[in-house]
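Student: Have a peek at coords09.txt (compact mmCIF, C-alpha atoms).
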```txt
# COMPACT_ATOMS: atom_id res chain seq x y z
CA MET A 1 0.00 0.00 0.00
CA ALA A 2 2.78 2.44 0.94
CA ARG A 3 4.70 1.58 -2.24
CA SER A 4 1.63 2.28 -4.39
CA PHE A 5 1.15 5.64 -2.70
CA VAL A 6 4.78 6.61 -3.44
CA ILE A 7 4.36 5.68 -7.12
CA VAL A 8 1.20 7.77 -7.45
CA LEU A 9 2.90 10.69 -5.71
CA LEU A 10 5.87 10.52 -8.06
CA VAL A 11 3.57 10.56 -11.10
CA LEU A 12 1.74 13.61 -9.80
CA LEU A 13 4.97 15.45 -9.08
CA THR A 14 6.34 14.63 -12.51
CA PHE A 15 3.33 15.59 -14.60
CA GLY A 16 1.32 17.91 -12.39
CA SER A 17 2.81 21.05 -13.89
CA CYS A 18 2.12 20.07 -17.51
CA PRO A 19 -0.83 22.11 -18.80
CA THR A 20 -2.13 19.44 -21.14
CA LEU A 21 -2.11 16.76 -18.45
CA ALA A 22 -3.35 18.82 -15.51
CA SER A 23 -6.23 20.67 -17.14
CA ALA A 24 -8.38 21.10 -14.04
CA THR A 25 -7.99 21.59 -10.32
CA GLY A 26 -9.82 19.57 -7.72
CA ASN A 27 -12.80 21.93 -7.83
CA GLY A 28 -13.14 21.60 -11.60
CA ARG A 29 -11.51 24.93 -12.54
CA LYS A 30 -9.21 24.76 -15.55
CA THR A 31 -5.64 25.83 -14.88
CA LEU A 32 -3.35 27.94 -17.06
CA LYS A 33 0.31 28.72 -16.51
CA ILE A 34 1.56 32.14 -17.64
CA VAL A 35 5.30 32.80 -17.45
CA TYR A 36 6.94 36.20 -17.12
CA VAL A 37 10.28 37.83 -16.37
CA ASP A 38 10.34 40.13 -13.35
CA TRP A 39 10.08 43.30 -15.42
CA ASP A 40 7.54 45.94 -14.42
CA CYS A 41 5.73 45.82 -17.77
CA ALA A 42 5.55 42.02 -17.62
CA ILE A 43 4.24 42.03 -14.05
CA ALA A 44 1.50 44.51 -14.97
CA SER A 45 0.30 42.76 -18.13
CA SER A 46 0.60 39.22 -16.73
CA ASN A 47 -1.53 40.12 -13.72
CA LEU A 48 -4.07 41.78 -16.00
CA ALA A 49 -4.27 38.61 -18.10
CA LYS A 50 -4.66 36.59 -14.91
CA ALA A 51 -7.48 38.82 -13.67
CA VAL A 52 -9.58 38.63 -16.83
CA LEU A 53 -9.06 34.88 -17.30
CA GLU A 54 -10.01 34.16 -13.70
CA ASP A 55 -12.81 36.69 -13.20
CA ARG A 56 -14.51 36.43 -16.57
CA LEU A 57 -13.69 32.92 -17.84
CA GLY A 58 -13.37 30.95 -14.60
CA TYR A 59 -9.78 29.76 -14.99
CA ARG A 60 -7.21 29.38 -12.28
CA VAL A 61 -4.07 31.16 -13.53
CA GLU A 62 -0.63 30.42 -12.12
CA LEU A 63 1.90 33.20 -12.76
CA VAL A 64 5.45 31.83 -12.83
CA PRO A 65 8.49 34.16 -12.73
CA VAL A 66 11.37 32.86 -14.89
CA ASN A 67 14.55 34.08 -16.56
CA HIS A 68 14.54 35.26 -20.17
CA PRO A 69 15.63 32.01 -21.91
CA THR A 70 13.13 29.99 -19.85
CA LEU A 71 10.40 32.45 -20.86
CA TRP A 72 10.58 31.17 -24.43
CA ASN A 73 11.76 27.61 -23.85
CA SER A 74 8.99 26.76 -21.39
CA ILE A 75 6.35 27.70 -23.95
CA ALA A 76 8.16 25.95 -26.79
CA GLY A 77 8.41 22.80 -24.66
CA GLY A 78 4.78 22.93 -23.51
CA GLU A 79 5.58 23.40 -19.81
CA ALA A 80 3.80 26.78 -19.84
CA ASP A 81 0.75 27.99 -21.74
CA ALA A 82 1.52 31.60 -22.62
CA MET A 83 3.34 34.86 -22.02
CA VAL A 84 2.19 38.38 -22.79
CA THR A 85 5.41 40.41 -23.09
CA ALA A 86 7.44 39.41 -26.14
CA TRP A 87 9.28 42.43 -27.59
CA LEU A 88 9.69 42.13 -31.36
CA PRO A 89 11.21 42.46 -33.91
CA ASP A 90 14.54 43.35 -32.21
CA THR A 91 14.69 42.85 -28.44
CA HIS A 92 13.71 39.17 -28.30
CA ALA A 93 14.81 38.35 -31.85
CA ASP A 94 17.49 35.83 -30.86
CA MET A 95 15.25 33.75 -28.60
CA TYR A 96 12.28 33.89 -30.96
CA ALA A 97 14.42 32.68 -33.87
CA LYS A 98 15.35 29.56 -31.89
CA VAL A 99 11.76 28.49 -31.16
CA LYS A 100 9.59 30.22 -33.78
CA ASN A 101 8.31 26.90 -35.16
CA GLN A 102 7.41 25.68 -31.67
CA VAL A 103 5.29 28.61 -30.47
CA GLU A 104 2.33 30.64 -31.73
CA ILE A 105 2.25 34.44 -31.86
CA LEU A 106 -1.16 35.44 -30.47
CA GLY A 107 -1.15 38.99 -31.77
CA LYS A 108 0.00 42.41 -30.65
CA LEU A 109 -0.45 43.59 -27.06
CA VAL A 110 0.54 47.19 -27.81
CA GLY A 111 2.70 49.21 -30.19
CA GLY A 112 4.80 52.28 -29.55
CA ALA A 113 7.43 50.45 -27.50
CA ARG A 114 11.09 51.39 -27.59
CA LEU A 115 14.45 50.75 -25.97
CA GLY A 116 17.31 53.10 -25.25
CA LEU A 117 19.75 54.62 -22.82
CA ALA A 118 18.11 57.29 -20.68
CA VAL A 119 19.22 60.00 -18.28
CA PRO A 120 17.43 62.42 -15.94
CA ASP A 121 16.65 65.75 -17.59
CA TYR A 122 19.22 67.59 -15.45
CA VAL A 123 21.95 65.63 -17.30
CA PRO A 124 22.61 67.88 -20.33
CA LEU A 125 23.76 65.15 -22.74
CA ARG A 126 21.62 64.41 -25.78
CA SER A 127 23.35 61.54 -27.59
CA ILE A 128 24.96 58.17 -26.86
CA ASP A 129 28.14 59.31 -28.59
CA GLU A 130 28.65 61.88 -25.80
CA LEU A 131 28.86 59.23 -23.07
CA ASP A 132 32.47 58.08 -23.27
CA VAL A 133 34.04 61.52 -22.78
CA ASN A 134 31.80 62.02 -19.73
CA ALA A 135 32.37 58.57 -18.22
CA ASP A 136 33.81 59.92 -14.95
CA LYS A 137 30.59 61.86 -14.27
CA PHE A 138 28.67 58.55 -14.44
CA ALA A 139 31.10 56.78 -12.08
CA GLY A 140 32.20 54.68 -15.04
CA ARG A 141 29.03 52.63 -15.38
CA ILE A 142 25.75 52.22 -17.19
CA VAL A 143 23.14 50.80 -14.81
CA GLY A 144 21.50 47.78 -16.42
CA ILE A 145 18.94 45.08 -15.69
CA ASP A 146 19.15 41.27 -15.71
CA ARG A 147 22.05 39.90 -17.70
CA ASP A 148 19.92 37.71 -20.01
CA ALA A 149 17.61 40.52 -21.14
CA GLY A 150 17.52 41.43 -24.83
CA LEU A 151 18.04 45.06 -23.86
CA MET A 152 21.36 44.14 -22.26
CA ARG A 153 22.44 42.25 -25.38
CA LEU A 154 21.64 45.23 -27.59
CA THR A 155 23.33 47.66 -25.19
CA THR A 156 26.52 45.57 -25.24
CA LYS A 157 26.52 45.79 -29.03
CA ALA A 158 25.86 49.53 -28.85
CA LEU A 159 28.92 50.08 -26.63
CA LYS A 160 31.08 48.42 -29.30
CA LYS A 161 29.50 50.39 -32.16
CA TYR A 162 30.06 53.69 -30.38
CA GLU A 163 33.53 52.58 -29.20
CA ILE A 164 32.62 53.31 -25.59
CA SER A 165 35.49 51.96 -23.49
CA HIS A 166 35.32 53.98 -20.28
CA LEU A 167 31.84 52.88 -19.19
CA GLN A 168 31.00 49.38 -17.99
CA LEU A 169 27.51 47.89 -18.34
CA ALA A 170 26.50 46.80 -14.83
CA ALA A 171 23.94 43.96 -14.71
CA GLY A 172 21.29 43.88 -12.01
CA SER A 173 17.51 43.75 -12.17
CA SER A 174 14.63 46.01 -13.09
CA ALA A 175 14.12 46.78 -9.40
CA SER A 176 17.78 47.52 -8.69
CA MET A 177 18.02 49.74 -11.76
CA THR A 178 15.06 51.90 -10.73
CA SER A 179 16.31 51.99 -7.13
CA SER A 180 19.70 53.29 -8.32
CA LEU A 181 17.91 55.80 -10.53
CA ALA A 182 15.75 57.07 -7.67
CA GLU A 183 18.78 57.49 -5.40
CA ALA A 184 20.77 59.34 -8.06
CA ILE A 185 17.87 61.69 -8.78
CA ARG A 186 17.44 62.36 -5.07
CA LYS A 187 21.09 63.42 -4.91
CA GLN A 188 21.03 65.10 -8.35
CA GLU A 189 23.89 62.85 -9.48
CA TRP A 190 24.56 61.87 -13.08
CA ILE A 191 23.28 58.42 -14.05
CA VAL A 192 22.56 56.60 -17.31
CA VAL A 193 20.30 53.54 -17.32
CA THR A 194 19.10 50.91 -19.76
CA ALA A 195 15.51 51.99 -20.32
CA TRP A 196 12.38 51.02 -22.19
CA SER A 197 8.94 52.43 -22.83
CA PRO A 198 6.29 52.06 -21.70
CA HIS A 199 7.70 52.28 -18.17
CA TRP A 200 6.51 54.04 -15.02
CA MET A 201 9.85 55.81 -14.52
CA PHE A 202 8.92 58.25 -17.28
CA ASN A 203 5.73 59.08 -15.36
CA ARG A 204 7.65 59.51 -12.11
CA TRP A 205 10.65 61.61 -13.12
CA PRO A 206 11.62 64.08 -15.90
CA MET A 207 13.84 61.94 -18.12
CA HIS A 208 14.89 61.65 -21.74
CA TYR A 209 16.39 59.07 -24.06
CA LEU A 210 19.81 59.72 -25.54
CA ASP A 211 19.76 59.94 -29.32
CA ASP A 212 21.02 56.80 -31.04
CA PRO A 213 22.29 57.99 -34.45
CA LEU A 214 23.64 54.52 -35.33
CA GLY A 215 20.31 52.85 -34.58
CA SER A 216 22.09 50.30 -32.39
CA LEU A 217 19.21 49.83 -29.96
CA GLY A 218 16.59 49.31 -32.64
CA LYS A 219 13.59 51.31 -33.71
CA GLU A 220 10.02 51.39 -32.47
CA GLU A 221 8.83 47.93 -31.45
CA SER A 222 5.64 46.19 -30.43
CA ILE A 223 4.88 43.86 -27.55
CA PHE A 224 3.27 40.55 -28.48
CA LYS A 225 1.54 37.63 -26.79
CA VAL A 226 2.90 34.11 -27.34
CA GLY A 227 1.20 30.78 -26.72
CA ARG A 228 2.23 27.15 -26.83
CA ILE A 229 1.26 24.98 -29.78
CA GLY A 230 -2.05 23.30 -28.95
CA LEU A 231 -3.40 26.04 -26.68
CA LYS A 232 -6.27 26.78 -29.07
CA LYS A 233 -7.35 23.13 -29.14
CA ASP A 234 -7.05 22.61 -25.38
CA TYR A 235 -8.49 25.93 -24.16
CA PRO A 236 -10.26 27.70 -27.06
CA ASP A 237 -11.87 30.39 -24.91
CA ALA A 238 -8.58 31.26 -23.20
CA TRP A 239 -6.80 31.26 -26.57
CA ALA A 240 -9.41 33.67 -27.97
CA CYS A 241 -9.16 35.95 -24.92
CA LEU A 242 -5.36 36.08 -25.04
CA SER A 243 -5.45 36.66 -28.81
CA ASN A 244 -7.80 39.64 -28.29
CA PHE A 245 -5.98 40.92 -25.18
CA HIS A 246 -4.45 44.35 -25.92
CA TYR A 247 -4.11 47.97 -24.82
CA ASP A 248 -5.49 50.84 -26.86
CA ASP A 249 -2.14 52.61 -26.50
CA ALA A 250 1.11 52.36 -24.55
CA SER A 251 0.04 55.00 -22.02
CA GLN A 252 -2.54 52.58 -20.57
CA LEU A 253 0.17 50.07 -19.74
CA GLN A 254 2.39 52.82 -18.35
CA HIS A 255 -0.37 54.00 -15.99
CA LEU A 256 -1.00 50.43 -14.80
CA MET A 257 2.72 50.02 -14.12
CA ASP A 258 2.72 53.27 -12.16
CA TRP A 259 -0.17 52.05 -9.97
CA ASN A 260 1.90 49.00 -9.08
CA GLN A 261 4.65 51.26 -7.69
CA GLN A 262 2.33 52.88 -5.16
CA ARG A 263 2.96 51.78 -1.60
CA GLY A 264 0.73 48.96 -0.34
CA THR A 265 -0.81 48.08 -3.71
CA ASP A 266 -1.17 44.61 -5.22
CA PRO A 267 -0.69 43.98 -8.98
CA VAL A 268 -3.73 41.75 -9.39
CA GLN A 269 -5.96 44.21 -7.51
CA ASN A 270 -4.63 47.02 -9.69
CA ALA A 271 -5.43 44.84 -12.70
CA ARG A 272 -9.03 44.54 -11.50
CA ARG A 273 -9.13 48.32 -11.01
CA PHE A 274 -7.96 48.70 -14.61
CA MET A 275 -10.74 46.36 -15.76
CA ARG A 276 -13.38 48.37 -13.86
CA GLU A 277 -12.15 51.62 -15.40
CA ASN A 278 -11.96 50.20 -18.96
CA PRO A 279 -15.07 48.02 -19.37
CA GLN A 280 -15.36 48.40 -23.15
CA LEU A 281 -11.75 47.36 -23.63
CA VAL A 282 -12.32 44.29 -21.44
CA GLU A 283 -15.40 43.29 -23.44
CA SER A 284 -13.33 43.42 -26.62
CA TRP A 285 -11.00 40.81 -25.14
CA LEU A 286 -13.90 38.41 -24.60
CA LYS A 287 -15.17 38.32 -28.17
CA LYS A 288 -14.94 34.90 -29.83
```
Produce structure tokens that represent the structure in this file.

Tutor:
Amino acid sequence: MARSFVIVLLVLLTFGSCPTLASATGNGRKTLKIVYVDWDCAIASSNLAKAVLEDRLGYRVELVPVNHPTLWNSIAGGEADAMVTAWLPDTHADMYAKVKNQVEILGKLVGGARLGLAVPDYVPLRSIDELDVNADKFAGRIVGIDRDAGLMRLTTKALKKYEISHLQLAAGSSASMTSSLAEAIRKQEWIVVTAWSPHWMFNRWPMHYLDDPLGSLGKEESIFKVGRIGLKKDYPDAWACLSNFHYDDASQLQHLMDWNQQRGTDPVQNARRFMRENPQLVESWLKK
């Protein structure tokens, strides 16, 4: 009897996380797994997807934080159902190219996205090619995010194109980057950060991107949703909702991100607030 119990337990532990094998919880609710990297835009949009799928379609949604390679590989391998923050055509180009035949693009979340190097407005520089001669004013570093991020890859290439040798790209996280930015602004110190829009920092502080005359950090991008192969067959209503899921413009996402930075707030509750304030948009997500 004990041996049989152990075998059953091992089977459950091995396959319980697979979306196609564990399609319902004990109370009959279907379960979806959405993966995301711990970026502010991803947290905001993933929680919004969770809120609409749970509140309007009755799913149980598990949000799983992962690193950037796992974001794509987990969907390609079928261990996760979807993600809602794929930056294309440039930022995530390398990872998408590796798995493009193993995933499904579910449409655009929002356009008007961009990457760049940004500084507070009190820093008088206007172009990336001014950075190297002012390296000492920036303490010799560009404050970055997680090492695996596409933005970091593109920034590394940009430093070579602009022959910037006196500034080092310092890896960290989205949270540590914005914390360093806040501290520098409080002290009115010079700082340059790896930045992207939409992002709440541009709501919070007067900032500007440095011009990129070589186009090394790409042009305007869009954010897309990505699903695993077979999602439509297994969960057609969730597939339709995620395919329709979008913002009217990038400012909506930026405002939602800003709400999440307010003390004592919860991302999923802010997502539900967003749904209450944008009922027509929500209804457009639920069309079949």

Student: Mind pulling up the distance from atom CA of Gly112 of chain A to atom CA of Arg56 of chain A?

Tutor: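 Between atom CA of Arg56 of chain A and atom CA of Gly112 of chain A the gap works out to 28.2 Å.
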
Student: Provide the atom CA of Trp200 of chain A to atom CA of Thr156 of chain A distance in Å, to one decimal place.

Tutor: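 Taking atom CA of Trp200 of chain A and atom CA of Thr156 of chain A, their separation equals 24.0 Å.
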
Student: For segment 141-145 of chain A, list every protein, DNA or RNA residue within 7 Å, evaluated using only C-alpha atoms, and leave out those in the same chain fewer than 4 positions away; present the list as a PyMOL selection string.

Tutor: chain A and resi 152+167-174+177+192-194

Student: What separation in Å, quoted to one decimal, exists between atom CA of Asp234 of chain A and atom CA of Val66 of chain A?

Tutor: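 Rounded to one decimal, the two atoms are 23.5 Å apart.
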
Student: So, counting all atoms listed in the file, which residue among A:Pro267, A:Ala158, A:Ala113, A:Leu48 is closest to Asp249 of chain A?

Tutor: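 The shortest atom-to-atom distance to Asp249 of chain A comes from A:Ala113.
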
Student: Provide segment 28-39 of chain A rebuilt to all heavy atoms, formatted as a compact mmCIF listing (two decimals), keeping the file's coordinate frame.

Tutor:
```txt
# COMPACT_ATOMS: atom_id res chain seq x y z
N GLY A 28 -12.64 21.56 -10.23
CA GLY A 28 -13.14 21.60 -11.60
C GLY A 28 -12.70 22.81 -12.40
O GLY A 28 -13.02 22.91 -13.58
N ARG A 29 -11.97 23.75 -11.81
CA ARG A 29 -11.51 24.93 -12.54
C ARG A 29 -10.31 24.57 -13.40
O ARG A 29 -9.36 23.93 -12.94
CB ARG A 29 -11.14 26.06 -11.59
CG ARG A 29 -12.31 26.60 -10.78
CD ARG A 29 -11.82 27.65 -9.80
NE ARG A 29 -11.41 28.87 -10.48
CZ ARG A 29 -10.69 29.84 -9.90
NH1 ARG A 29 -10.29 29.70 -8.67
NH2 ARG A 29 -10.38 30.92 -10.57
N LYS A 30 -10.34 24.98 -14.65
CA LYS A 30 -9.21 24.76 -15.55
C LYS A 30 -8.04 25.65 -15.13
O LYS A 30 -8.24 26.77 -14.68
CB LYS A 30 -9.62 25.04 -16.98
CG LYS A 30 -10.67 24.07 -17.52
CD LYS A 30 -11.20 24.51 -18.87
CE LYS A 30 -12.10 25.73 -18.76
NZ LYS A 30 -12.72 26.07 -20.06
N THR A 31 -6.84 25.13 -15.32
CA THR A 31 -5.64 25.83 -14.88
C THR A 31 -4.77 26.22 -16.07
O THR A 31 -4.55 25.42 -16.97
CB THR A 31 -4.82 24.96 -13.92
OG1 THR A 31 -5.62 24.62 -12.79
CG2 THR A 31 -3.57 25.70 -13.45
N LEU A 32 -4.30 27.45 -16.06
CA LEU A 32 -3.35 27.94 -17.06
C LEU A 32 -2.08 28.42 -16.36
O LEU A 32 -2.14 28.93 -15.24
CB LEU A 32 -3.95 29.12 -17.84
CG LEU A 32 -5.05 28.82 -18.85
CD1 LEU A 32 -5.62 30.13 -19.37
CD2 LEU A 32 -4.53 27.97 -19.99
N LYS A 33 -0.96 28.25 -17.04
CA LYS A 33 0.31 28.72 -16.51
C LYS A 33 0.85 29.81 -17.45
O LYS A 33 1.10 29.57 -18.62
CB LYS A 33 1.31 27.58 -16.41
CG LYS A 33 2.65 27.97 -15.79
CD LYS A 33 3.59 26.79 -15.72
CE LYS A 33 3.13 25.77 -14.68
NZ LYS A 33 4.12 24.67 -14.52
N ILE A 34 0.99 31.02 -16.90
CA ILE A 34 1.56 32.14 -17.64
C ILE A 34 2.93 32.46 -17.05
O ILE A 34 3.06 32.64 -15.84
CB ILE A 34 0.65 33.38 -17.58
CG1 ILE A 34 -0.66 33.11 -18.34
CG2 ILE A 34 1.34 34.61 -18.15
CD1 ILE A 34 -1.65 34.26 -18.30
N VAL A 35 3.95 32.51 -17.91
CA VAL A 35 5.30 32.80 -17.45
C VAL A 35 5.64 34.26 -17.74
O VAL A 35 5.12 34.86 -18.69
CB VAL A 35 6.33 31.86 -18.11
CG1 VAL A 35 6.28 30.48 -17.50
CG2 VAL A 35 6.13 31.78 -19.62
N TYR A 36 6.52 34.81 -16.93
CA TYR A 36 6.94 36.20 -17.12
C TYR A 36 8.30 36.40 -16.49
O TYR A 36 8.70 35.67 -15.58
CB TYR A 36 5.92 37.17 -16.51
CG TYR A 36 5.89 37.16 -14.99
CD1 TYR A 36 6.56 38.14 -14.25
CD2 TYR A 36 5.19 36.17 -14.30
CE1 TYR A 36 6.54 38.13 -12.87
CE2 TYR A 36 5.17 36.15 -12.91
CZ TYR A 36 5.84 37.13 -12.20
OH TYR A 36 5.83 37.11 -10.82
N VAL A 37 9.03 37.38 -17.00
CA VAL A 37 10.28 37.83 -16.37
C VAL A 37 9.92 38.98 -15.44
O VAL A 37 8.98 39.73 -15.70
CB VAL A 37 11.31 38.25 -17.42
CG1 VAL A 37 12.60 38.75 -16.77
CG2 VAL A 37 11.63 37.06 -18.34
N ASP A 38 10.67 39.15 -14.38
CA ASP A 38 10.34 40.13 -13.35
C ASP A 38 10.66 41.55 -13.81
O ASP A 38 11.43 42.28 -13.19
CB ASP A 38 11.11 39.79 -12.07
CG ASP A 38 10.57 40.56 -10.87
OD1 ASP A 38 9.41 40.97 -10.90
OD2 ASP A 38 11.33 40.74 -9.89
N TRP A 39 10.03 41.94 -14.93
CA TRP A 39 10.08 43.30 -15.42
C TRP A 39 8.75 43.97 -15.08
O TRP A 39 7.70 43.33 -15.06
CB TRP A 39 10.29 43.33 -16.94
CG TRP A 39 11.50 42.63 -17.43
CD1 TRP A 39 12.73 42.59 -16.83
CD2 TRP A 39 11.62 41.85 -18.63
NE1 TRP A 39 13.61 41.85 -17.59
CE2 TRP A 39 12.95 41.38 -18.70
CE3 TRP A 39 10.73 41.52 -19.67
CZ2 TRP A 39 13.41 40.59 -19.74
CZ3 TRP A 39 11.20 40.74 -20.70
CH2 TRP A 39 12.52 40.28 -20.74
```
